[in-house]
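Below is input26.cif, holding mmCIF, C-alpha atoms, pLDDT in the B column; chains and numbers go by the auth columns.
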```
data_final
#
loop_
_atom_site.group_PDB
_atom_site.id
_atom_site.type_symbol
_atom_site.label_atom_id
_atom_site.label_comp_id
_atom_site.label_asym_id
_atom_site.label_seq_id
_atom_site.Cartn_x
_atom_site.Cartn_y
_atom_site.Cartn_z
_atom_site.B_iso_or_equiv
_atom_site.auth_seq_id
_atom_site.auth_asym_id
ATOM 1 C CA MET A 1 -54.519 -129.397 -72.548 65.00 73 A
ATOM 2 C CA THR A 2 -53.464 -126.035 -73.968 71.00 74 A
ATOM 3 C CA VAL A 3 -54.566 -122.904 -72.146 70.00 75 A
ATOM 4 C CA LEU A 4 -54.885 -119.698 -74.106 74.00 76 A
ATOM 5 C CA THR A 5 -54.153 -116.447 -72.338 70.00 77 A
ATOM 6 C CA ARG A 6 -54.716 -112.993 -73.700 74.00 78 A
ATOM 7 C CA TRP A 7 -51.508 -111.134 -74.442 72.00 79 A
ATOM 8 C CA GLU A 8 -51.461 -107.573 -73.211 73.00 80 A
ATOM 9 C CA PRO A 9 -48.501 -105.776 -74.789 71.00 81 A
ATOM 10 C CA PHE A 10 -48.574 -102.806 -72.398 70.00 82 A
ATOM 11 C CA ARG A 11 -48.254 -104.976 -69.271 69.00 83 A
ATOM 12 C CA GLU A 12 -44.519 -105.338 -69.955 70.00 84 A
ATOM 13 C CA PHE A 13 -44.172 -101.538 -70.233 69.00 85 A
ATOM 14 C CA SER A 14 -45.833 -101.090 -66.850 71.00 86 A
ATOM 15 C CA THR A 15 -43.478 -103.626 -65.266 74.00 87 A
ATOM 16 C CA LEU A 16 -40.481 -101.948 -66.898 78.00 88 A
ATOM 17 C CA GLN A 17 -41.623 -98.536 -65.660 77.00 89 A
ATOM 18 C CA ASP A 18 -42.020 -99.877 -62.098 78.00 90 A
ATOM 19 C CA ARG A 19 -38.506 -101.310 -62.191 80.00 91 A
ATOM 20 C CA MET A 20 -37.026 -98.072 -63.543 82.00 92 A
ATOM 21 C CA ASN A 21 -38.841 -96.019 -60.895 80.00 93 A
ATOM 22 C CA ARG A 22 -37.518 -98.307 -58.171 79.00 94 A
ATOM 23 C CA LEU A 23 -33.981 -98.049 -59.591 80.00 95 A
ATOM 24 C CA PHE A 24 -34.042 -94.237 -59.590 79.00 96 A
ATOM 25 C CA ARG A 25 -35.673 -94.101 -56.163 75.00 97 A
ATOM 26 C CA GLU A 26 -32.995 -96.323 -54.645 69.00 98 A
ATOM 27 C CA THR A 27 -30.103 -94.624 -56.448 68.00 99 A
ATOM 28 C CA TYR A 28 -30.954 -91.005 -55.650 66.00 100 A
ATOM 29 C CA LYS A 29 -32.559 -91.391 -52.240 59.00 101 A
ATOM 30 C CA ASP A 30 -31.108 -89.315 -49.418 52.00 102 A
ATOM 31 C CA GLY A 31 -30.278 -91.019 -46.149 47.00 103 A
ATOM 32 C CA GLY A 32 -29.113 -94.465 -45.263 44.00 104 A
ATOM 33 C CA ARG A 33 -30.549 -97.908 -45.711 45.00 105 A
ATOM 34 C CA ASP A 34 -32.548 -97.751 -42.483 43.00 106 A
ATOM 35 C CA GLU A 35 -34.559 -94.768 -43.682 41.00 107 A
ATOM 36 C CA SER A 36 -35.565 -96.581 -46.871 41.00 108 A
ATOM 37 C CA LEU A 37 -37.170 -99.245 -44.695 39.00 109 A
ATOM 38 C CA THR A 38 -39.366 -96.801 -42.809 41.00 110 A
ATOM 39 C CA THR A 39 -40.366 -93.891 -45.058 43.00 111 A
ATOM 40 C CA SER A 40 -41.043 -93.183 -48.681 50.00 112 A
ATOM 41 C CA SER A 41 -43.330 -90.894 -50.594 64.00 113 A
ATOM 42 C CA PHE A 42 -46.353 -92.441 -52.183 75.00 114 A
ATOM 43 C CA ALA A 43 -49.352 -91.606 -54.317 84.00 115 A
ATOM 44 C CA PRO A 44 -52.643 -93.079 -53.113 88.00 116 A
ATOM 45 C CA ALA A 45 -54.926 -94.742 -55.643 90.00 117 A
ATOM 46 C CA VAL A 46 -57.729 -92.542 -56.998 92.00 118 A
ATOM 47 C CA ASP A 47 -60.970 -93.378 -58.804 93.00 119 A
ATOM 48 C CA VAL A 48 -62.521 -90.505 -60.767 93.00 120 A
ATOM 49 C CA TYR A 49 -66.030 -90.841 -62.104 92.00 121 A
ATOM 50 C CA GLU A 50 -68.663 -88.545 -63.495 90.00 122 A
ATOM 51 C CA ASP A 51 -72.431 -88.502 -63.709 89.00 123 A
ATOM 52 C CA GLU A 52 -74.818 -85.874 -65.021 86.00 124 A
ATOM 53 C CA HIS A 53 -74.639 -83.774 -61.815 89.00 125 A
ATOM 54 C CA ASN A 54 -71.158 -84.301 -60.294 91.00 126 A
ATOM 55 C CA VAL A 55 -67.539 -85.226 -60.816 92.00 127 A
ATOM 56 C CA SER A 56 -66.463 -87.441 -57.908 94.00 128 A
ATOM 57 C CA LEU A 57 -63.124 -88.713 -56.655 95.00 129 A
ATOM 58 C CA LYS A 58 -62.476 -91.595 -54.272 96.00 130 A
ATOM 59 C CA ILE A 59 -58.972 -91.540 -52.823 94.00 131 A
ATOM 60 C CA GLU A 60 -57.613 -94.463 -50.790 93.00 132 A
ATOM 61 C CA VAL A 61 -55.833 -93.073 -47.738 90.00 133 A
ATOM 62 C CA PRO A 62 -56.084 -95.741 -45.008 89.00 134 A
ATOM 63 C CA GLY A 63 -54.224 -95.090 -41.791 85.00 135 A
ATOM 64 C CA ILE A 64 -54.238 -91.314 -42.232 88.00 136 A
ATOM 65 C CA ASP A 65 -56.063 -89.081 -39.755 87.00 137 A
ATOM 66 C CA GLU A 66 -58.500 -86.629 -41.298 87.00 138 A
ATOM 67 C CA LYS A 67 -56.555 -83.786 -39.654 89.00 139 A
ATOM 68 C CA ASP A 68 -53.528 -84.812 -41.770 89.00 140 A
ATOM 69 C CA ILE A 69 -55.447 -84.391 -45.056 92.00 141 A
ATOM 70 C CA ASP A 70 -55.706 -81.047 -46.839 93.00 142 A
ATOM 71 C CA VAL A 71 -58.114 -80.557 -49.770 93.00 143 A
ATOM 72 C CA ARG A 72 -58.123 -77.238 -51.639 92.00 144 A
ATOM 73 C CA ILE A 73 -58.843 -75.682 -55.010 92.00 145 A
ATOM 74 C CA GLU A 74 -56.393 -73.171 -56.470 91.00 146 A
ATOM 75 C CA ASN A 75 -56.430 -71.802 -60.031 88.00 147 A
ATOM 76 C CA ASN A 76 -58.943 -74.397 -61.250 88.00 148 A
ATOM 77 C CA THR A 77 -56.821 -77.231 -59.807 90.00 149 A
ATOM 78 C CA LEU A 78 -57.897 -79.630 -57.056 92.00 150 A
ATOM 79 C CA ILE A 79 -54.996 -80.319 -54.690 92.00 151 A
ATOM 80 C CA VAL A 80 -55.114 -83.162 -52.160 93.00 152 A
ATOM 81 C CA HIS A 81 -52.198 -83.297 -49.724 92.00 153 A
ATOM 82 C CA GLY A 82 -51.682 -85.604 -46.784 90.00 154 A
ATOM 83 C CA GLU A 83 -49.201 -87.518 -44.712 88.00 155 A
ATOM 84 C CA ARG A 84 -49.077 -91.045 -43.331 85.00 156 A
ATOM 85 C CA LYS A 85 -46.877 -91.125 -40.266 80.00 157 A
ATOM 86 C CA ILE A 86 -45.030 -94.230 -39.157 74.00 158 A
ATOM 87 C CA GLU A 87 -45.952 -95.553 -35.737 69.00 159 A
ATOM 88 C CA LYS A 88 -42.723 -95.907 -33.764 65.00 160 A
ATOM 89 C CA GLU A 89 -42.791 -98.689 -31.238 55.00 161 A
ATOM 90 C CA GLU A 90 -39.749 -100.112 -29.523 48.00 162 A
ATOM 91 C CA LYS A 91 -41.190 -103.627 -29.740 58.00 163 A
ATOM 92 C CA GLU A 92 -41.066 -103.563 -33.540 57.00 164 A
ATOM 93 C CA GLU A 93 -37.672 -101.995 -34.172 64.00 165 A
ATOM 94 C CA ASN A 94 -36.249 -105.097 -35.895 69.00 166 A
ATOM 95 C CA TYR A 95 -38.193 -104.889 -39.125 66.00 167 A
ATOM 96 C CA ARG A 96 -37.715 -107.698 -41.606 69.00 168 A
ATOM 97 C CA ARG A 97 -39.880 -106.155 -44.290 71.00 169 A
ATOM 98 C CA VAL A 98 -41.910 -102.966 -44.599 70.00 170 A
ATOM 99 C CA GLU A 99 -44.312 -102.837 -47.529 74.00 171 A
ATOM 100 C CA ARG A 100 -46.690 -100.111 -46.396 77.00 172 A
ATOM 101 C CA GLN A 101 -45.611 -96.719 -47.620 80.00 173 A
ATOM 102 C CA TYR A 102 -45.209 -93.747 -45.323 79.00 174 A
ATOM 103 C CA GLY A 103 -44.555 -90.080 -45.844 81.00 175 A
ATOM 104 C CA SER A 104 -46.380 -87.231 -47.482 86.00 176 A
ATOM 105 C CA PHE A 105 -48.234 -87.182 -50.775 88.00 177 A
ATOM 106 C CA THR A 106 -49.739 -84.579 -53.070 90.00 178 A
ATOM 107 C CA ARG A 107 -52.188 -85.374 -55.868 90.00 179 A
ATOM 108 C CA THR A 108 -53.317 -82.623 -58.233 91.00 180 A
ATOM 109 C CA PHE A 109 -56.187 -82.706 -60.708 91.00 181 A
ATOM 110 C CA THR A 110 -56.943 -80.068 -63.327 90.00 182 A
ATOM 111 C CA LEU A 111 -60.652 -79.396 -63.162 89.00 183 A
ATOM 112 C CA PRO A 112 -62.743 -79.225 -66.325 88.00 184 A
ATOM 113 C CA PRO A 113 -64.511 -75.912 -67.029 88.00 185 A
ATOM 114 C CA THR A 114 -67.862 -77.616 -66.369 88.00 186 A
ATOM 115 C CA VAL A 115 -67.142 -77.884 -62.615 90.00 187 A
ATOM 116 C CA GLU A 116 -68.491 -75.304 -60.181 89.00 188 A
ATOM 117 C CA THR A 117 -65.500 -74.666 -57.885 87.00 189 A
ATOM 118 C CA GLU A 118 -67.669 -73.014 -55.218 89.00 190 A
ATOM 119 C CA ASN A 119 -69.758 -76.163 -54.636 88.00 191 A
ATOM 120 C CA VAL A 120 -67.298 -78.812 -53.388 91.00 192 A
ATOM 121 C CA SER A 121 -67.694 -81.288 -50.543 93.00 193 A
ATOM 122 C CA ALA A 122 -65.282 -83.809 -49.034 94.00 194 A
ATOM 123 C CA THR A 123 -65.991 -86.686 -46.655 94.00 195 A
ATOM 124 C CA TYR A 124 -63.655 -89.196 -45.038 93.00 196 A
ATOM 125 C CA ASP A 125 -64.903 -92.624 -44.022 92.00 197 A
ATOM 126 C CA LYS A 126 -63.114 -95.943 -43.443 90.00 198 A
ATOM 127 C CA GLY A 127 -59.876 -94.815 -45.083 90.00 199 A
ATOM 128 C CA VAL A 128 -61.515 -93.431 -48.230 94.00 200 A
ATOM 129 C CA LEU A 129 -61.622 -89.707 -48.961 95.00 201 A
ATOM 130 C CA LYS A 130 -64.570 -88.801 -51.191 96.00 202 A
ATOM 131 C CA VAL A 131 -64.511 -85.443 -52.977 95.00 203 A
ATOM 132 C CA LYS A 132 -67.652 -84.366 -54.820 95.00 204 A
ATOM 133 C CA LEU A 133 -67.509 -81.491 -57.318 93.00 205 A
ATOM 134 C CA ALA A 134 -70.847 -80.219 -58.581 92.00 206 A
ATOM 135 C CA LYS A 135 -71.239 -79.377 -62.260 89.00 207 A
ATOM 136 C CA LYS A 136 -72.416 -75.990 -63.458 86.00 208 A
ATOM 137 C CA ALA A 137 -76.077 -75.789 -64.451 81.00 209 A
ATOM 138 C CA GLU A 138 -75.253 -75.103 -68.109 78.00 210 A
ATOM 139 C CA ALA A 139 -73.043 -78.218 -68.221 65.00 211 A
ATOM 140 C CA LYS A 140 -75.814 -80.562 -67.116 67.00 212 A
ATOM 141 C CA PRO A 141 -77.500 -82.481 -69.907 71.00 213 A
ATOM 142 C CA LYS A 142 -80.840 -81.160 -71.103 72.00 214 A
ATOM 143 C CA GLN A 143 -83.539 -83.232 -72.685 76.00 215 A
ATOM 144 C CA ILE A 144 -84.952 -81.868 -75.929 78.00 216 A
ATOM 145 C CA LYS A 145 -88.352 -83.041 -77.047 82.00 217 A
ATOM 146 C CA VAL A 146 -88.393 -84.358 -80.586 85.00 218 A
ATOM 147 C CA ASN A 147 -91.632 -83.920 -82.524 84.00 219 A
ATOM 148 C CA VAL A 148 -92.743 -86.783 -84.727 85.00 220 A
ATOM 149 C CA GLY A 149 -93.169 -85.830 -88.373 74.00 221 A
ATOM 150 C CA SER A 150 -91.507 -83.106 -90.380 59.00 222 A
ATOM 151 C CA GLU A 151 -92.439 -80.144 -92.516 59.00 223 A
ATOM 152 C CA LYS A 152 -91.708 -82.082 -95.720 57.00 224 A
ATOM 153 C CA ASN A 153 -94.281 -84.696 -94.750 52.00 225 A
ATOM 154 C CA LEU A 154 -96.834 -81.949 -94.089 48.00 226 A
ATOM 155 C CA GLU A 155 -96.211 -80.381 -97.518 52.00 227 A
ATOM 156 C CA ALA A 156 -96.601 -83.738 -99.263 52.00 228 A
ATOM 157 C CA LYS A 157 -100.023 -84.219 -97.666 54.00 229 A
ATOM 158 C CA SER A 158 -101.358 -80.861 -98.910 52.00 230 A
ATOM 159 C CA PRO A 159 -103.360 -80.971 -102.147 55.00 231 A
ATOM 160 C CA SER A 160 -101.250 -80.475 -105.250 53.00 232 A
ATOM 161 C CA ARG A 161 -102.082 -78.136 -108.105 52.00 233 A
ATOM 162 C CA ALA A 162 -102.800 -79.438 -111.532 52.00 234 A
ATOM 163 C CA ALA A 163 -100.470 -78.228 -114.219 48.00 235 A
#
```

Show the structure stored in the file as structure tokens.
Amino acid sequence: MTVLTRWEPFREFSTLQDRMNRLFRETYKDGGRDESLTTSSFAPAVDVYEDEHNVSLKIEVPGIDEKDIDVRIENNTLIVHGERKIEKEEKEENYRRVERQYGSFTRTFTLPPTVETENVSATYDKGVLKVKLAKKAEAKPKQIKVNVGSEKNLEAKSPSRAA
């Protein structure tokens, strides 16, 4: 039986980019081999979505205390900075593999002109930071009532003159 799979040409580019990033990270990293096992900078995953009233961001930052997260707006740019610290325990000093990433991160987002920078809220729950940016009143969609019929139809119904 032959199985057809969809070919996605950009998947190979993503894999190539990941390999190149890893190559440069390993080549130009300061410190010895032990440090590469315990710390690295990372960029948490972010979902950005928009509805008629808000632009919202969900940022995955599990294992980070809320006191280690800084959210600010400067020059129409949202800046989220934080740090995941490694837990040092003597019992676990012989690591075989460390896949979780540690260190500090900074994510920046240029805000659209429709966002009201004075009305921003951020909540942190179960490892997810939620940032809600309210839209300006003039940016919210407005419903316009459409009248049925047109002026041309009204003129056609009026009595015509005889020539």

How close does segment 118-166 of chain A get to segment 212-216 of chain A? List, as CSV, each residue of segment 118-166 of chain A within 10 Å, its nearest atom pair and the distance in Å to one decimal, counting all atoms listed in the file.
```
residue,atom,partner,partner_atom,distance
A:Asp123,CA,A:Lys212,CA,9.3
A:Glu124,CA,A:Lys212,CA,5.8
A:His125,CA,A:Lys212,CA,6.3
A:Asn126,CA,A:Lys212,CA,9.1
```

**OP:** Might you pull out every residue within 8 Å of Glu155 of chain A, with only C-alpha atoms counted and same-chain residues fewer than 2 positions away left off, and present them as a VMD selection string?
**Re:** chain A and resid 136 140 to 141 153 157 174 to 177

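Atom pair atom CA of Gln173 of chain A / atom CA of Ile145 of chain A: separated by 25.9 Å.
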
**OP:** List every protein, DNA or RNA residue with an atom no more than 12 Å from (-55.2, -78.9, -63.6) in the file's coordinates, counting only C-alpha atoms, and format the result as a PyMOL selection string.
**Re:** chain A and resi 145-151+179-185

Return as JSON the centre and edge lengths, in Å with one decimal, of the box along x, y and z that encloses every atom of segment 187-196 of chain A in the file, padded by 4 Å per side.
```
{"center_x": -66.7, "center_y": -81.1, "center_z": -53.8, "size_x": 14.1, "size_y": 24.2, "size_z": 25.6}
```

Subject >> Picked residues, the PyMOL selection byres ((chain A and resi 197) around 12), as a ChimeraX atom specification >> reply: /A:130-138,194-196,198-203

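The two atoms in question, atom CA of Glu190 of chain A and atom CA of Ala206 of chain A, are spaced 8.6 Å apart.
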
**OP:** Quick one: pull the distance between atom CA of Val143 of chain A and atom CA of Tyr121 of chain A, Å, one decimal.
**Re:** 17.9 Å

Original post:
If the PyMOL selection byres ((chain A and resi 192) around 6) is run on the structure shown, which residues does it catch, given as a VMD selection string?
Top reply: chain A and resid 191 193 204 to 205
